[in-house]
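A.B. asks: Have a look at this one before I ask anything.
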Amino acid sequence: MSEELFKQMAQSIIDGDSDLSVELAKKAIEINMHPLEAITKGFVVGVNYIGDQFGAGEAFLPELVMAGEAMKAAVATLEPELLKLGSARETMGRVVLATVEGDIHEIGKTLVGTMLSASGFEVTDLGVDQPADKIIGKALEIDAHIIGMSALLTTTMVRQREVIEELDKEGLRPRIKVMVGGAPITRDWFQKIKADGYSEDAVGAVKIAKELVGKADQ
Amino acid sequence: MSHKNIKTISNPKLKLEILTKEDVQKIHDATLQIIEKVGVRFPSKRALDIWAANGAEVDYEKKIVRVKPQVIEDALKKCPPAYKLAARDPQQDLQLDGNHVNLGTDGCGVEVIDINTGEKRTSCLQDVRDIARIADATEEVAFHWVPVSAQDTPVEARGLHELKAVWENSTKHVQTESIYNVEEAKAAIEMAAAIVGGKDKLRERPVLSLMQCTAPPLGHDGGSLDAALLAAEVGIPTGFMTMAACATTGPTTMAGNLAVGNAEVIAGTALLQLAFPGAPVFYAAAQTASDLRTGAYTGGGPEDFLFGAATNVLADFYNIPLSMGAFATGAKEPNWQAGLEGAMSSFMASVVMSDMLLGCGFLHGSRIWSFAEMMMDCEIFSIVHKMMEGILVNDETLALDVIAAVGPGSHYLAQKHTRKHMRELFMPKFMDRRPYSEWETKKDDARDWALARARKTLKEHQPDPLDENISKEFDRIIKSVEK
């Protein structure tokens, strides 16, 4: 019985079917399956499969994103049950994401958020046009391990440096690590502003985030 | 008309039918439906008020407007179908009349392959000057975009420093894609006015034009909208560019992606016409597919080439000039991919007579400027220019007399007809047609020759200087914006 359900759960993630993954998560609650068991033996198996397929060049980004969203929906359904049981899902780390002040471009950042969530990070996405104090305030509030900042314009990417300088001034680094990204962001810029991590795409961002929290092998 | 030191494509002999009339009508209908039912985001108080005053359904909280088709269609009818882009040197004015393809420099990059060292580094103000000066001397380049970001200047006035750098080094038309807020737009208009002797003369002699990117899917940037409205008010040609990308910021299917991009562009264009009827506007686009592995902007590939031709059919349908993104390549250095993507994209956009063709000079998805790439892109444009002349068939070109004189065997090298027409054959600057043994001793190629040419031009070309008083006025204007 459980084995069959686990298989269906994994498949719902592989198919990127959020409706089905939520339905299966509810079913797990109904039959008193432990939510952590549903996640680790069911849904995560699907995420890992798609991840491997992607790595092998067999799956593409839209499939990865859909799997990530189906995973997020399933976990969100199981979360209240987890809390009731007094246990929490072990996360890879807490991340605050934002597009910097003056910039409204967020598709890349949102994509990074989805990928990080799917990989087990707890992501708080502040959205666009976020000033330094808001970003840092939220990071302190949730005791974030990582701040991730996006910028699409050469005139707004300077804000990434402002946030880093502010963090340094407050003595919050290296406790909080900083990742930067966005179309105009180069390795030179990343080094110049002394950020901790930089990637040119969302899949790479997950790898960097894992390294920053010391879990590169997971 | 003849240009001083500018080569444009005109009177084309080639044709391409990429969309039928029915196809275009379907895309147009879909676009109107999107604008009416889904809506487009206009995050600018001024823009929303204009829409509200014209009977659109305005959601001030979400900043989304939904507009009846009739309002859009009526507004678009007010767009002037043809006008000119003026240059600092009036002999270099450009016609946007559907019969000229004008090449520009691409923009706006963040890194440069240094012209002397060959090292990749962060772009700066001097790069803007150098590129402008080379473009001024290069006949294929008809106008400028701001090629790279002057990252060593203060952000609040960066777009103005860049404009000054181009105008001080070239007499050709300048279109900026790097000014997207009210303060800088006001100052840029002042700078343009200083060149032509007053703001009231800009409508007649728009030495500056403005290109604003949309924020797909179905959105605009607030600062861009406000800047565009300021420009349209004084008669500075203004266009909205969509870069909707299949599978990320637009539907995966090309027709749907065209409709989404079209909705962004024509809604923005209609806004300008509602505010300032008859303002010179253009359609701008650089749609693309997304890379399925990374989600990244591809800047090339068959979808891009098709978009390049299809979009002009849409712009023609609305009877407004088009600025089309071409030459973009994902290649990391000037190589097979760069040549292929530059050739295909520029041909497809030119064969349908895009009025403005952007642009030469970039690698890695419009991020890295290469002087060699710039020169080689220009040669591609020259090849397309030659191809667009087609094949002339008449008694002289059939050359029956000469054929009879030469007869079977023998050769045509010593014929007067040959000498008369030989310069009609294309003479490449950068194609390797040497004997193998000569190549073998040098092992050099187009990239070396193109770079050498850029270096020589930069060293030797002296642009007509800008009046010192105007430069001083520029400094004053820029200072007033700097914090």
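Following the order of the structure tokens, first chain is A, next is B, and so on, with residues numbered from 1 inside each chain and ligands from 1 in the order they appear.
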Please report as an MDAnalysis selection string which residues of chain A come no farther than 7 Å from chain B, using only C-alpha atoms.
C.D. replies: chainID A and resid 60:61 155 184 201
A.B. asks: Go ahead and write the selection's residues with C-alpha atoms as a PDB file, in the first residue's frame.
C.D. replies:
```pdb
ATOM      1  CA  PHE A  60      14.868  20.414 -19.454  1.00  0.00           C
ATOM      2  CA  LEU A  61      14.421  23.462 -17.275  1.00  0.00           C
ATOM      3  CA  THR A 155      22.557  51.248 -12.678  1.00  0.00           C
ATOM      4  CA  PRO A 184      24.856  42.253 -16.096  1.00  0.00           C
ATOM      5  CA  ASP A 201      21.910  30.474 -13.975  1.00  0.00           C
TER       6      ASP A 201
END
```
A.B. asks: Might you pull out every residue within 10 Å of Leu140 (chain A), with only C-alpha atoms counted and same-chain residues fewer than 4 positions away left off, and present them as an MDAnalysis selection string?
C.D. replies: chainID A and resid 96 134:136 144:145 172 176
A.B. asks: Using the chain letters and numbers from this document, which residues of region 297-339 of chain B does DSSP assign to helix (DSSP H, G or I), as a PyMOL selection string?
C.D. replies: chain B and resi 302-317+336-339
A.B. asks: Just to confirm, what's the straight-line distance from CA of Asp130 (chain B) to CA of Lys7 (chain B) in Å (one decimal)?
C.D. replies: 20.6 Å
A.B. asks: If we count only C-alpha atoms and set the cut-off at 12 Å, which residues sit around region 53-55 of chain A, ignoring sequence neighbours fewer than 6 positions away in its own chain? Please answer as a PyMOL selection string.
C.D. replies: (chain A and resi 14+46-47+61-65+67+203-204) or (chain B and resi 292-294)
A.B. asks: Just N, CA and C atoms for this one: save the residues we selected as a compact mmCIF listing (two decimals), in the first residue's frame.
C.D. replies:
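The file below, result-v6.txt, is the result:
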```txt
# COMPACT_ATOMS: atom_id res chain seq x y z
N ILE A 14 7.63 14.00 -10.84
CA ILE A 14 8.27 13.84 -12.15
C ILE A 14 7.38 14.44 -13.24
N GLY A 46 11.09 11.69 -6.49
CA GLY A 46 10.76 12.29 -7.78
C GLY A 46 11.67 13.46 -8.12
N VAL A 47 11.91 14.31 -7.11
CA VAL A 47 12.80 15.47 -7.32
C VAL A 47 14.19 15.00 -7.73
N LEU A 61 14.75 22.55 -18.36
CA LEU A 61 14.42 23.46 -17.28
C LEU A 61 12.92 23.52 -16.94
N PRO A 62 12.02 23.60 -17.93
CA PRO A 62 10.60 23.66 -17.56
C PRO A 62 10.16 22.45 -16.73
N GLU A 63 10.72 21.28 -17.02
CA GLU A 63 10.38 20.09 -16.24
C GLU A 63 10.90 20.20 -14.81
N LEU A 64 12.09 20.79 -14.70
CA LEU A 64 12.70 20.99 -13.39
C LEU A 64 11.85 21.96 -12.56
N VAL A 65 11.40 23.03 -13.22
CA VAL A 65 10.61 24.05 -12.52
C VAL A 65 9.26 23.47 -12.10
N ALA A 67 8.52 20.36 -11.55
CA ALA A 67 8.76 19.41 -10.46
C ALA A 67 8.95 20.17 -9.16
N VAL A 203 20.29 26.76 -11.94
CA VAL A 203 20.79 25.46 -11.53
C VAL A 203 22.15 25.62 -10.83
N GLY A 204 22.97 26.51 -11.40
CA GLY A 204 24.26 26.80 -10.78
C GLY A 204 24.10 27.44 -9.41
N LEU B 292 16.75 25.87 -23.20
CA LEU B 292 15.99 24.92 -22.38
C LEU B 292 16.81 24.33 -21.23
N ARG B 293 18.12 24.44 -21.31
CA ARG B 293 18.95 23.91 -20.23
C ARG B 293 19.04 24.91 -19.08
N THR B 294 19.23 26.17 -19.40
CA THR B 294 19.51 27.16 -18.35
C THR B 294 18.41 28.20 -18.19
```
A.B. asks: Which residues in region 135-335 of chain B does DSSP call strand (DSSP E or B)? List them as a PyMOL selection string.
C.D. replies: chain B and resi 141-144+148+173-176+208-214+219-220+238-242+245-246+250+281-285+288-290+297+322-325
A.B. asks: Can you tell me which residues surround region 21-26 of chain B at a distance of at most 8 Å, considering only C-alpha atoms, apart from same-chain residues fewer than 2 positions away, and format the answer as a list in words?
C.D. replies: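 The residues that qualify are Leu19, His28, Asp29, Ala30, Val313, Leu314 and Phe317 of chain B.
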A.B. asks: Mind giving me the straight-line distance from CA of His173 (chain B) to CA of Ala86 (chain B) in Å, one decimal?
C.D. replies: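 Straight-line distance from CA of His173 (chain B) to CA of Ala86 (chain B) works out to 6.0 Å.
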A.B. asks: Using only C-alpha atoms, which protein or nucleic acid residues come within 10 Å of region 393-408 of chain B? Drop anything in the same chain fewer than 4 positions from it, and give the result as an MDAnalysis selection string.
C.D. replies: chainID B and resid 412:418 421
A.B. asks: What is the CA of Gly339 (chain B) to CA of Met388 (chain B) distance in Å?
C.D. replies: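 Distance reported for this atom pair: 18.6 Å.
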A.B. asks: Write out as a PyMOL selection string each polymer residue whose atoms come within 8 Å of Phe42 (chain B), counting only C-alpha atoms; drop sequence neighbours fewer than 4 positions from it.
C.D. replies: chain B and resi 47-48+63-65+219-222+225
A.B. asks: Could you please take those selected residues and save C-alpha atoms as a tab-separated table (two decimals), in the first residue's frame?
C.D. replies:
```tsv
chain	number	residue	atom	x	y	z
B	47	ALA	CA	0.50	56.50	-17.65
B	48	LEU	CA	-2.40	55.12	-15.60
B	63	LYS	CA	-1.24	48.98	-12.08
B	64	ILE	CA	-2.86	46.90	-14.79
B	65	VAL	CA	-4.94	48.43	-17.57
B	219	GLY	CA	4.49	44.75	-18.48
B	220	HIS	CA	6.39	48.00	-18.65
B	221	ASP	CA	8.91	49.67	-16.37
B	222	GLY	CA	7.61	52.83	-14.65
B	225	LEU	CA	7.16	54.94	-19.39
```
A.B. asks: Name the residues in contact with Met149 (chain A) at a cut-off of 8 Å, using only C-alpha atoms, excluding same-chain residues fewer than 4 positions from it; report them as a PyMOL selection string.
C.D. replies: chain A and resi 97-100+109+160+178-181
A.B. asks: Which of these residues is nearest to Pro80 (chain A), using only C-alpha atoms: A:Ala183, A:Met157, A:Leu167, A:Leu36?
C.D. replies: A:Leu36
A.B. asks: Counting only C-alpha atoms, which of B:Ile189, B:Leu258, B:Ile131, B:Val265 gets nearest to Glu233 (chain B)?
C.D. replies: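 Using only C-alpha atoms, the shortest distance to Glu233 (chain B) belongs to B:Ile189.
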